[in-house]
>>> print(open('final.txt').read())   # compact mmCIF, C-alpha atoms
# COMPACT_ATOMS: atom_id res chain seq x y z
CA MET A 1 0.00 0.00 0.00
CA LEU A 2 1.28 3.47 -0.96
CA LEU A 3 0.35 6.44 1.20
CA LYS A 4 0.56 9.92 -0.28
CA PHE A 5 0.76 12.95 1.98
CA SER A 6 0.07 16.45 0.75
CA SER A 7 0.94 18.96 3.46
CA PRO A 8 -0.57 22.47 3.33
CA GLY A 9 2.81 23.72 4.54
CA THR A 10 4.60 22.05 1.63
CA ALA A 11 2.00 23.37 -0.80
CA SER A 12 2.35 26.89 0.63
CA ALA A 13 6.13 26.81 0.23
CA ALA A 14 5.74 25.51 -3.32
CA VAL A 15 3.40 28.38 -4.25
CA PHE A 16 5.67 31.00 -2.70
CA ILE A 17 8.77 29.73 -4.55
CA ALA A 18 7.02 29.08 -7.88
CA ALA A 19 5.41 32.53 -7.86
CA ALA A 20 8.80 34.10 -7.15
CA PHE A 21 10.14 32.52 -10.33
CA TRP A 22 7.04 33.74 -12.15
CA GLY A 23 8.19 37.24 -11.22
CA VAL A 24 10.66 37.17 -14.13
CA TYR A 25 8.03 36.04 -16.65
CA TRP A 26 8.18 39.53 -18.14
CA ILE A 27 11.76 38.96 -19.34
CA PRO A 28 10.96 36.48 -22.17
CA LEU A 29 8.00 38.70 -23.12
CA ARG A 30 10.30 41.69 -23.50
CA TYR A 31 12.86 39.53 -25.33
CA LEU A 32 10.27 38.46 -27.90
CA GLU A 33 9.23 42.09 -28.30
CA GLN A 34 12.84 42.99 -29.13
CA GLN A 35 12.87 40.17 -31.70
CA GLY A 36 9.89 41.69 -33.47
CA VAL A 37 7.15 39.56 -31.88
CA ASP A 38 4.85 42.38 -30.82
CA GLY A 39 1.73 42.51 -28.67
CA THR A 40 0.10 39.43 -27.26
CA SER A 41 1.58 37.21 -29.98
CA ALA A 42 4.48 36.78 -27.55
CA VAL A 43 2.08 35.52 -24.85
CA ALA A 44 0.56 32.95 -27.21
CA LEU A 45 3.94 31.76 -28.50
CA LEU A 46 5.30 31.28 -24.97
CA SER A 47 2.37 29.06 -24.04
CA MET A 48 2.12 26.92 -27.18
CA PRO A 49 5.17 24.61 -26.72
CA ALA A 50 3.92 23.55 -23.26
CA LEU A 51 0.84 22.06 -24.91
CA LEU A 52 2.87 19.23 -26.45
CA PRO A 53 3.97 17.42 -23.24
CA LEU A 54 0.56 18.05 -21.69
CA ILE A 55 -1.20 16.45 -24.67
CA LEU A 56 1.13 13.46 -24.37
CA VAL A 57 0.47 13.02 -20.64
CA VAL A 58 -3.29 13.41 -21.02
CA GLY A 59 -3.24 10.89 -23.86
CA LEU A 60 -1.46 8.35 -21.67
CA GLN A 61 -3.91 9.04 -18.81
CA TRP A 62 -7.05 9.28 -20.94
CA ARG A 63 -9.09 6.88 -18.79
CA LEU A 64 -8.19 8.83 -15.67
CA HIS A 65 -9.63 12.00 -17.21
CA ARG A 66 -12.95 10.56 -18.33
CA GLY A 67 -15.83 12.19 -16.51
CA TYR A 68 -13.77 15.26 -15.50
CA TRP A 69 -13.52 17.20 -18.77
CA GLY A 70 -16.40 19.56 -18.00
CA ARG A 71 -14.86 20.74 -14.75
CA ALA A 72 -11.35 20.73 -16.22
CA LEU A 73 -12.52 23.00 -19.04
CA LEU A 74 -14.28 25.35 -16.60
CA ILE A 75 -11.13 25.63 -14.48
CA GLY A 76 -9.06 26.09 -17.62
CA ILE A 77 -11.25 28.93 -18.87
CA PHE A 78 -10.89 31.01 -15.72
CA THR A 79 -7.23 30.29 -14.95
CA GLY A 80 -6.33 30.57 -18.64
CA LEU A 81 -8.07 33.93 -18.92
CA GLY A 82 -6.35 35.03 -15.73
CA ILE A 83 -2.89 34.34 -17.14
CA ALA A 84 -3.74 35.71 -20.60
CA LEU A 85 -5.13 38.96 -19.17
CA TYR A 86 -2.19 39.38 -16.78
CA SER A 87 0.38 38.68 -19.51
CA SER A 88 -1.38 41.10 -21.85
CA GLY A 89 -1.33 43.68 -19.07
CA VAL A 90 2.44 43.31 -18.85
CA VAL A 91 2.65 43.81 -22.63
CA TYR A 92 0.46 46.93 -22.78
CA SER A 93 1.37 48.48 -19.42
CA SER A 94 4.45 48.52 -17.19
CA VAL A 95 5.63 45.37 -15.43
CA VAL A 96 5.18 46.90 -11.98
CA ARG A 97 1.67 48.31 -12.55
CA ALA A 98 0.35 45.15 -14.18
CA THR A 99 1.76 42.93 -11.44
CA LEU A 100 0.36 45.10 -8.65
CA LEU A 101 -3.12 45.29 -10.14
CA PHE A 102 -3.18 41.53 -10.58
CA TYR A 103 -2.42 41.17 -6.88
CA LEU A 104 -5.76 42.46 -5.78
CA THR A 105 -6.38 38.70 -6.13
CA PRO A 106 -6.34 38.01 -2.34
CA VAL A 107 -9.31 40.35 -1.89
CA TRP A 108 -11.39 38.58 -4.55
CA ALA A 109 -10.23 35.15 -3.35
CA THR A 110 -11.19 35.87 0.27
CA ILE A 111 -14.66 37.04 -0.82
CA ILE A 112 -15.07 33.85 -2.88
CA GLU A 113 -13.98 31.72 0.09
CA ILE A 114 -16.61 33.31 2.32
CA VAL A 115 -19.49 33.33 -0.20
CA TRP A 116 -18.92 30.12 -2.20
CA LEU A 117 -16.62 27.86 -0.20
CA LYS A 118 -18.29 28.83 3.12
CA GLU A 119 -14.89 29.41 4.73
CA LYS A 120 -14.27 31.81 7.60
CA ALA A 121 -11.45 34.32 7.19
CA ALA A 122 -9.53 34.68 10.48
CA TRP A 123 -7.94 37.93 11.62
CA PRO A 124 -4.46 37.03 10.25
CA ARG A 125 -5.99 36.83 6.75
CA TRP A 126 -7.59 40.26 7.04
CA LEU A 127 -4.42 41.74 8.54
CA ALA A 128 -2.35 40.24 5.73
CA ILE A 129 -4.74 41.61 3.11
CA VAL A 130 -4.66 45.10 4.62
CA GLY A 131 -0.87 44.97 4.83
CA GLY A 132 -0.48 43.63 1.30
CA LEU A 133 -2.86 46.13 -0.28
CA SER A 134 -1.28 48.98 1.70
CA GLY A 135 2.10 47.95 0.35
CA MET A 136 0.72 47.92 -3.17
CA ALA A 137 -0.83 51.37 -2.70
CA ILE A 138 2.55 52.70 -1.57
CA LEU A 139 4.26 51.08 -4.54
CA LEU A 140 1.76 52.63 -6.94
CA SER A 141 2.12 56.03 -5.33
CA GLY A 142 5.78 56.04 -6.32
CA ASN A 143 4.98 55.68 -10.01
CA GLY A 144 3.51 59.13 -10.46
CA SER A 145 0.00 60.01 -11.55
CA GLU A 146 -0.14 58.19 -14.88
CA PRO A 147 -3.74 57.50 -15.93
CA LEU A 148 -4.93 53.92 -16.13
CA ASN A 149 -4.54 52.39 -19.59
CA ILE A 150 -5.87 49.28 -21.33
CA GLY A 151 -3.01 47.20 -19.92
CA ASP A 152 -3.93 48.24 -16.37
CA LEU A 153 -7.55 47.29 -17.00
CA LEU A 154 -6.58 43.87 -18.34
CA ALA A 155 -4.32 43.26 -15.32
CA PHE A 156 -7.08 44.28 -12.92
CA PHE A 157 -9.56 41.76 -14.36
CA SER A 158 -6.88 39.07 -14.51
CA GLY A 159 -6.87 38.89 -10.72
CA ILE A 160 -10.64 38.35 -10.60
CA PHE A 161 -10.57 35.53 -13.15
CA TRP A 162 -7.58 33.89 -11.47
CA ALA A 163 -9.27 34.03 -8.05
CA ILE A 164 -12.40 32.33 -9.44
CA GLY A 165 -10.27 29.67 -11.10
CA ALA A 166 -8.32 29.09 -7.89
CA ALA A 167 -11.57 28.58 -5.98
CA MET A 168 -12.69 26.04 -8.56
CA ILE A 169 -9.43 24.11 -8.25
CA LYS A 170 -9.95 23.91 -4.49
CA ARG A 171 -13.63 23.05 -4.85
CA PHE A 172 -13.10 20.39 -7.56
CA ASP A 173 -9.81 18.99 -6.28
CA SER A 174 -10.45 15.55 -7.79
CA VAL A 175 -9.95 16.86 -11.35
CA PRO A 176 -6.66 15.45 -12.74
CA LEU A 177 -3.85 17.99 -12.81
CA ALA A 178 -2.72 17.39 -16.40
CA GLY A 179 -6.22 17.83 -17.83
CA MET A 180 -6.99 21.15 -16.16
CA THR A 181 -3.51 22.45 -17.01
CA LEU A 182 -3.92 21.47 -20.65
CA CYS A 183 -7.21 23.38 -20.75
CA GLN A 184 -5.56 26.36 -19.05
CA PHE A 185 -2.70 26.62 -21.55
CA THR A 186 -5.08 26.18 -24.48
CA VAL A 187 -7.33 28.99 -23.24
CA THR A 188 -4.30 31.21 -22.59
CA VAL A 189 -3.14 30.82 -26.21
CA LEU A 190 -6.60 31.49 -27.68
CA ALA A 191 -7.41 34.37 -25.31
CA ALA A 192 -4.06 36.07 -25.91
CA ALA A 193 -4.64 35.93 -29.67
CA LEU A 194 -8.15 37.35 -29.26
CA ILE A 195 -7.00 40.15 -26.94
CA GLY A 196 -4.30 41.13 -29.42
CA TYR A 197 -6.88 41.24 -32.21
CA LEU A 198 -9.31 43.39 -30.20
CA VAL A 199 -6.87 45.74 -28.48
CA SER A 200 -4.28 46.48 -31.14
CA SER A 201 -3.74 46.23 -34.84
CA VAL A 202 -3.35 42.66 -36.04
CA ASN A 203 0.30 41.66 -36.23
CA TYR A 204 0.81 38.77 -38.62
CA LEU A 205 3.91 36.80 -37.72
CA SER A 206 6.16 35.59 -40.47
CA MET A 207 7.26 31.97 -40.36
CA ALA A 208 10.89 33.07 -40.44
CA LYS A 209 10.37 35.18 -37.33
CA VAL A 210 8.69 32.31 -35.47
CA VAL A 211 11.41 29.83 -36.46
CA SER A 212 14.14 32.20 -35.29
CA VAL A 213 12.75 32.36 -31.73
CA LEU A 214 11.29 28.85 -31.54
CA PRO A 215 14.26 27.13 -29.82
CA ILE A 216 14.47 29.57 -26.92
CA ILE A 217 10.71 29.95 -26.39
CA SER A 218 10.34 26.16 -26.41
CA LEU A 219 12.94 25.83 -23.65
CA VAL A 220 11.36 28.61 -21.59
CA SER A 221 7.83 27.27 -22.09
CA ILE A 222 8.53 23.60 -21.32
CA LEU A 223 11.34 23.87 -18.75
CA ALA A 224 10.25 27.01 -16.89
CA ILE A 225 6.66 28.15 -17.45
CA LEU A 226 5.08 24.68 -17.46
CA PRO A 227 6.67 23.49 -14.16
CA ILE A 228 5.79 26.80 -12.47
CA VAL A 229 2.13 26.64 -13.53
CA LEU A 230 1.85 22.95 -12.65
CA THR A 231 3.27 23.64 -9.18
CA ILE A 232 0.90 26.52 -8.48
CA ILE A 233 -2.18 24.64 -9.73
CA TRP A 234 -1.21 21.48 -7.80
CA ALA A 235 -0.73 23.43 -4.57
CA GLN A 236 -4.15 25.06 -4.88
CA LYS A 237 -5.77 21.67 -4.38
CA PHE A 238 -4.64 21.77 -0.73
CA ILE A 239 -4.75 25.45 0.36
CA ASN A 240 -7.46 28.09 0.20
CA PRO A 241 -7.59 30.64 -2.68
CA GLY A 242 -7.05 33.64 -0.40
CA ARG A 243 -3.92 32.09 1.09
CA VAL A 244 -2.68 31.23 -2.40
CA GLY A 245 -3.15 34.83 -3.52
CA LEU A 246 -1.18 36.13 -0.56
CA LEU A 247 1.64 33.63 -0.96
CA MET A 248 1.90 34.47 -4.65
CA MET A 249 2.81 38.02 -3.65
CA SER A 250 6.41 36.80 -3.75
CA GLU A 251 6.04 37.44 -7.48
CA VAL A 252 5.43 41.12 -6.77
CA LEU A 253 8.75 41.57 -5.02
CA VAL A 254 10.74 39.69 -7.69
CA ALA A 255 8.96 41.48 -10.53
CA VAL A 256 9.44 44.99 -9.17
CA ILE A 257 13.07 44.37 -8.18
CA THR A 258 14.06 42.88 -11.52
CA ALA A 259 12.09 45.47 -13.48
CA SER A 260 13.59 48.34 -11.48
CA ILE A 261 17.09 46.99 -12.14
CA LEU A 262 16.75 45.98 -15.80
CA LEU A 263 14.22 48.57 -16.99
CA PRO A 264 15.40 52.16 -16.36
CA ASP A 265 11.85 53.55 -16.53
CA GLU A 266 10.69 51.24 -13.72
CA ARG A 267 13.36 51.77 -11.08
CA MET A 268 11.84 51.95 -7.61
CA THR A 269 12.11 54.83 -5.17
CA ALA A 270 12.61 54.54 -1.42
CA ILE A 271 8.84 54.85 -0.91
CA GLU A 272 8.22 51.99 -3.32
CA TRP A 273 10.77 49.83 -1.53
CA SER A 274 8.88 50.39 1.74
CA GLY A 275 5.75 49.13 0.00
CA ALA A 276 7.62 46.01 -1.08
CA VAL A 277 8.60 45.38 2.55
CA LEU A 278 4.93 45.59 3.58
CA ILE A 279 4.01 43.03 0.92
CA ILE A 280 6.56 40.54 2.20
CA ALA A 281 5.41 41.19 5.78
CA ALA A 282 1.85 40.38 4.69
CA CYS A 283 3.02 37.05 3.29
CA LEU A 284 4.86 36.22 6.52
CA ILE A 285 1.78 37.06 8.62
CA GLU A 286 -0.33 34.72 6.51
CA VAL A 287 2.19 31.87 6.64
CA PHE A 288 3.09 31.96 10.33
CA ALA A 289 -0.12 33.24 11.97
CA THR A 290 -2.61 30.93 10.22
CA PRO A 291 -3.21 27.70 12.20
CA LYS A 292 -1.59 24.66 10.66
CA GLN A 293 -3.77 22.03 9.02
CA LYS A 294 -3.21 18.32 9.09
CA PRO A 295 -1.64 16.77 5.99
CA LYS A 296 -4.10 15.42 3.47
CA LEU A 297 -3.97 11.63 3.27
CA THR A 298 -4.90 9.79 0.11
CA LEU A 299 -4.58 6.18 -0.90
CA ASP A 300 -3.63 4.78 -4.23
CA HIS A 301 -6.02 2.42 -6.01
CA GLY A 302 -6.30 -0.93 -4.39
CA GLY A 303 -4.93 0.21 -1.05
CA SER A 304 -6.47 0.86 2.33
CA ALA A 305 -5.35 2.78 5.36
CA ALA A 306 -3.57 0.65 7.85
>>> encode(input="final.txt", output="structure tokens")
Amino acid sequence: MLLKFSSPGTASAAVFIAAAFWGVYWIPLRYLEQQGVDGTSAVALLSMPALLPLILVVGLQWRLHRGYWGRALLIGIFTGLGIALYSSGVVYSSVVRATLLFYLTPVWATIIEIVWLKEKAAWPRWLAIVGGLSGMAILLSGNGSEPLNIGDLLAFFSGIFWAIGAAMIKRFDSVPLAGMTLCQFTVTVLAAALIGYLVSSVNYLSMAKVVSVLPIISLVSILAILPIVLTIIWAQKFINPGRVGLLMMSEVLVAVITASILLPDERMTAIEWSGAVLIIAACLIEVFATPKQKPKLTLDHGGSAA
């Protein structure tokens, strides 16, 4: 008999680390832009190679996925739209602004937990949310008084869609991981293409341009983006959406630090740095002040608990 333990603590650490790596997602987007892949075409191209291993895995596990495709597709629609909208926000706005607006996610996720999942948000959650949003407000205040643009709007809605998708993953935790992830990447590709068509002039990619960047985007998509997304989606089966949103704030710190260093127009001021400190403090409050849960115990087929 094989026992499988899934600890909320392990899942929380996985989300925090994976989201931190996601904080440099903007770098391949900017690279593709420099190579002439403009707009959301870069978002679609970065997601497409990851479809191949997912299709292979789902094909090998086809029987396991039978009966779950409806829920997998529903999860994929919301999480896929969340990533497509966020990525498009990074393309059409600044890295810092898009990332911060996405991270209103903990607010939406907490509301969903209370209304749909019937969870009770303890005082550490509310304190962490207040601290995190205060940090974001401080960070935004250091960027001047630029009016909101289409990229900001896309990033704002990305957090709402992602929070709904996260709640569905937690609610329907029996849906196989590969199936929902395949749906998510598929929706991301299609939604990114549609957003690019609606928001900006259509940019037709030449085959020569695609071939020139294909090796590097394939490596980034399969070896970096796919493992990060799989880790975050897997972890959300075991921890609540609001907690996931707060833990994913590690992305905020990495994104604003790397953008401020590598992009001259996005260098942070002392005030913005203080906001970043508040965001990290919010994550620490959520991790250490929330009561620990017992590990989730599951049995493989044919086994029984001893």
>>> closest_atom_pairs(input="final.txt", of="segment 98-216 of chain A", to="segment 56-61 of chain A", cutoff="9 Å", atoms="all atoms listed in the file", output="tab-separated table")
residue	atom	partner	partner_atom	distance
A:Ala178	CA	A:Val58	CA	6.1
A:Gly179	CA	A:Val58	CA	6.2
A:Leu182	CA	A:Val58	CA	8.1
>>> residues_around(input="final.txt", residues="segment 82-94 of chain A", least_positions_apart="3", cutoff="6 Å", atoms="all atoms listed in the file", output="ChimeraX atom specification")
/A:40,79,97-98,151-152,154-155,158,161-162,188,192
>>> closest_residue(input="final.txt", among="A:Pro28, A:Gly131, A:Pro49, A:Gly245", to="Thr105 of chain A", atoms="only C-alpha atoms")
A:Gly245
>>> atom_distance(input="final.txt", atom1="atom CA of Leu32 of chain A", atom2="atom CA of Val256 of chain A")
19.9 Å
>>> closest_residue(input="final.txt", among="A:Phe102, A:Tyr31, A:Phe172, A:Tyr197", to="Met248 of chain A", atoms="all atoms listed in the file")
A:Phe102
>>> residues_around(input="final.txt", residues="Val107 of chain A", least_positions_apart="6", cutoff="9 Å", atoms="all atoms listed in the file", output="ChimeraX atom specification")
/A:129,133,163,242,245
>>> atom_distance(input="final.txt", atom1="atom CA of Ala224 of chain A", atom2="atom CA of Ile75 of chain A")
21.6 Å
>>> closest_residue(input="final.txt", among="A:Ala128, A:Val189, A:Leu46, A:Val252", to="Ala20 of chain A", atoms="all atoms listed in the file")
A:Val252
>>> axis_aligned_box(input="final.txt", around="segment 127-140 of chain A", padding_each_side="8 Å", output="AutoDock Vina command-line options")
--center_x -0.2 --center_y 46.5 --center_z 0.8 --size_x 25.0 --size_y 28.5 --size_z 31.5
>>> decode(input="final.txt", residues="segment 237-264 of chain A", atoms="N, CA and C atoms", output="CSV table (one decimal), in the first residue's frame")
chain,number,residue,atom,x,y,z
A,237,LYS,N,-4.9,22.7,-4.8
A,237,LYS,CA,-5.8,21.7,-4.4
A,237,LYS,C,-5.8,21.5,-2.9
A,238,PHE,N,-4.8,22.0,-2.2
A,238,PHE,CA,-4.6,21.8,-0.7
A,238,PHE,C,-4.7,23.0,0.2
A,239,ILE,N,-4.7,24.2,-0.4
A,239,ILE,CA,-4.8,25.4,0.4
A,239,ILE,C,-5.8,26.4,-0.2
A,240,ASN,N,-6.4,27.2,0.6
A,240,ASN,CA,-7.5,28.1,0.2
A,240,ASN,C,-7.0,29.2,-0.8
A,241,PRO,N,-7.9,29.6,-1.7
A,241,PRO,CA,-7.6,30.6,-2.7
A,241,PRO,C,-7.0,31.9,-2.1
A,242,GLY,N,-7.6,32.4,-1.0
A,242,GLY,CA,-7.0,33.6,-0.4
A,242,GLY,C,-5.6,33.5,0.1
A,243,ARG,N,-5.3,32.3,0.7
A,243,ARG,CA,-3.9,32.1,1.1
A,243,ARG,C,-3.0,32.0,-0.1
A,244,VAL,N,-3.5,31.3,-1.2
A,244,VAL,CA,-2.7,31.2,-2.4
A,244,VAL,C,-2.3,32.6,-2.9
A,245,GLY,N,-3.4,33.5,-3.0
A,245,GLY,CA,-3.1,34.8,-3.5
A,245,GLY,C,-2.1,35.6,-2.7
A,246,LEU,N,-2.2,35.4,-1.4
A,246,LEU,CA,-1.2,36.1,-0.6
A,246,LEU,C,0.2,35.6,-0.7
A,247,LEU,N,0.3,34.3,-0.8
A,247,LEU,CA,1.6,33.6,-1.0
A,247,LEU,C,2.3,34.0,-2.3
A,248,MET,N,1.4,34.1,-3.3
A,248,MET,CA,1.9,34.5,-4.7
A,248,MET,C,2.4,35.9,-4.7
A,249,MET,N,2.3,36.7,-3.7
A,249,MET,CA,2.8,38.0,-3.7
A,249,MET,C,4.3,38.0,-3.7
A,250,SER,N,5.0,36.9,-3.5
A,250,SER,CA,6.4,36.8,-3.7
A,250,SER,C,6.8,37.2,-5.2
A,251,GLU,N,5.8,37.0,-6.1
A,251,GLU,CA,6.0,37.4,-7.5
A,251,GLU,C,6.2,39.0,-7.6
A,252,VAL,N,5.4,39.7,-6.7
A,252,VAL,CA,5.4,41.1,-6.8
A,252,VAL,C,6.8,41.6,-6.5
A,253,LEU,N,7.4,41.1,-5.4
A,253,LEU,CA,8.8,41.6,-5.0
A,253,LEU,C,9.8,41.3,-6.1
A,254,VAL,N,9.8,40.1,-6.7
A,254,VAL,CA,10.7,39.7,-7.7
A,254,VAL,C,10.5,40.5,-8.9
A,255,ALA,N,9.3,40.7,-9.3
A,255,ALA,CA,9.0,41.5,-10.5
A,255,ALA,C,9.4,42.9,-10.4
A,256,VAL,N,9.1,43.6,-9.3
A,256,VAL,CA,9.4,45.0,-9.2
A,256,VAL,C,11.0,45.2,-9.0
A,257,ILE,N,11.6,44.3,-8.3
A,257,ILE,CA,13.1,44.4,-8.2
A,257,ILE,C,13.8,44.2,-9.5
A,258,THR,N,13.4,43.1,-10.2
A,258,THR,CA,14.1,42.9,-11.5
A,258,THR,C,13.7,44.0,-12.5
A,259,ALA,N,12.5,44.4,-12.5
A,259,ALA,CA,12.1,45.5,-13.5
A,259,ALA,C,12.8,46.8,-13.2
A,260,SER,N,12.9,47.1,-11.9
A,260,SER,CA,13.6,48.3,-11.5
A,260,SER,C,15.1,48.3,-11.8
A,261,ILE,N,15.7,47.1,-11.8
A,261,ILE,CA,17.1,47.0,-12.1
A,261,ILE,C,17.3,47.0,-13.6
A,262,LEU,N,16.5,46.2,-14.4
A,262,LEU,CA,16.8,46.0,-15.8
A,262,LEU,C,16.0,47.0,-16.7
A,263,LEU,N,15.0,47.6,-16.2
A,263,LEU,CA,14.2,48.6,-17.0
A,263,LEU,C,14.4,49.9,-16.3
A,264,PRO,N,15.1,50.8,-17.0
A,264,PRO,CA,15.4,52.2,-16.4
A,264,PRO,C,14.1,52.9,-16.0
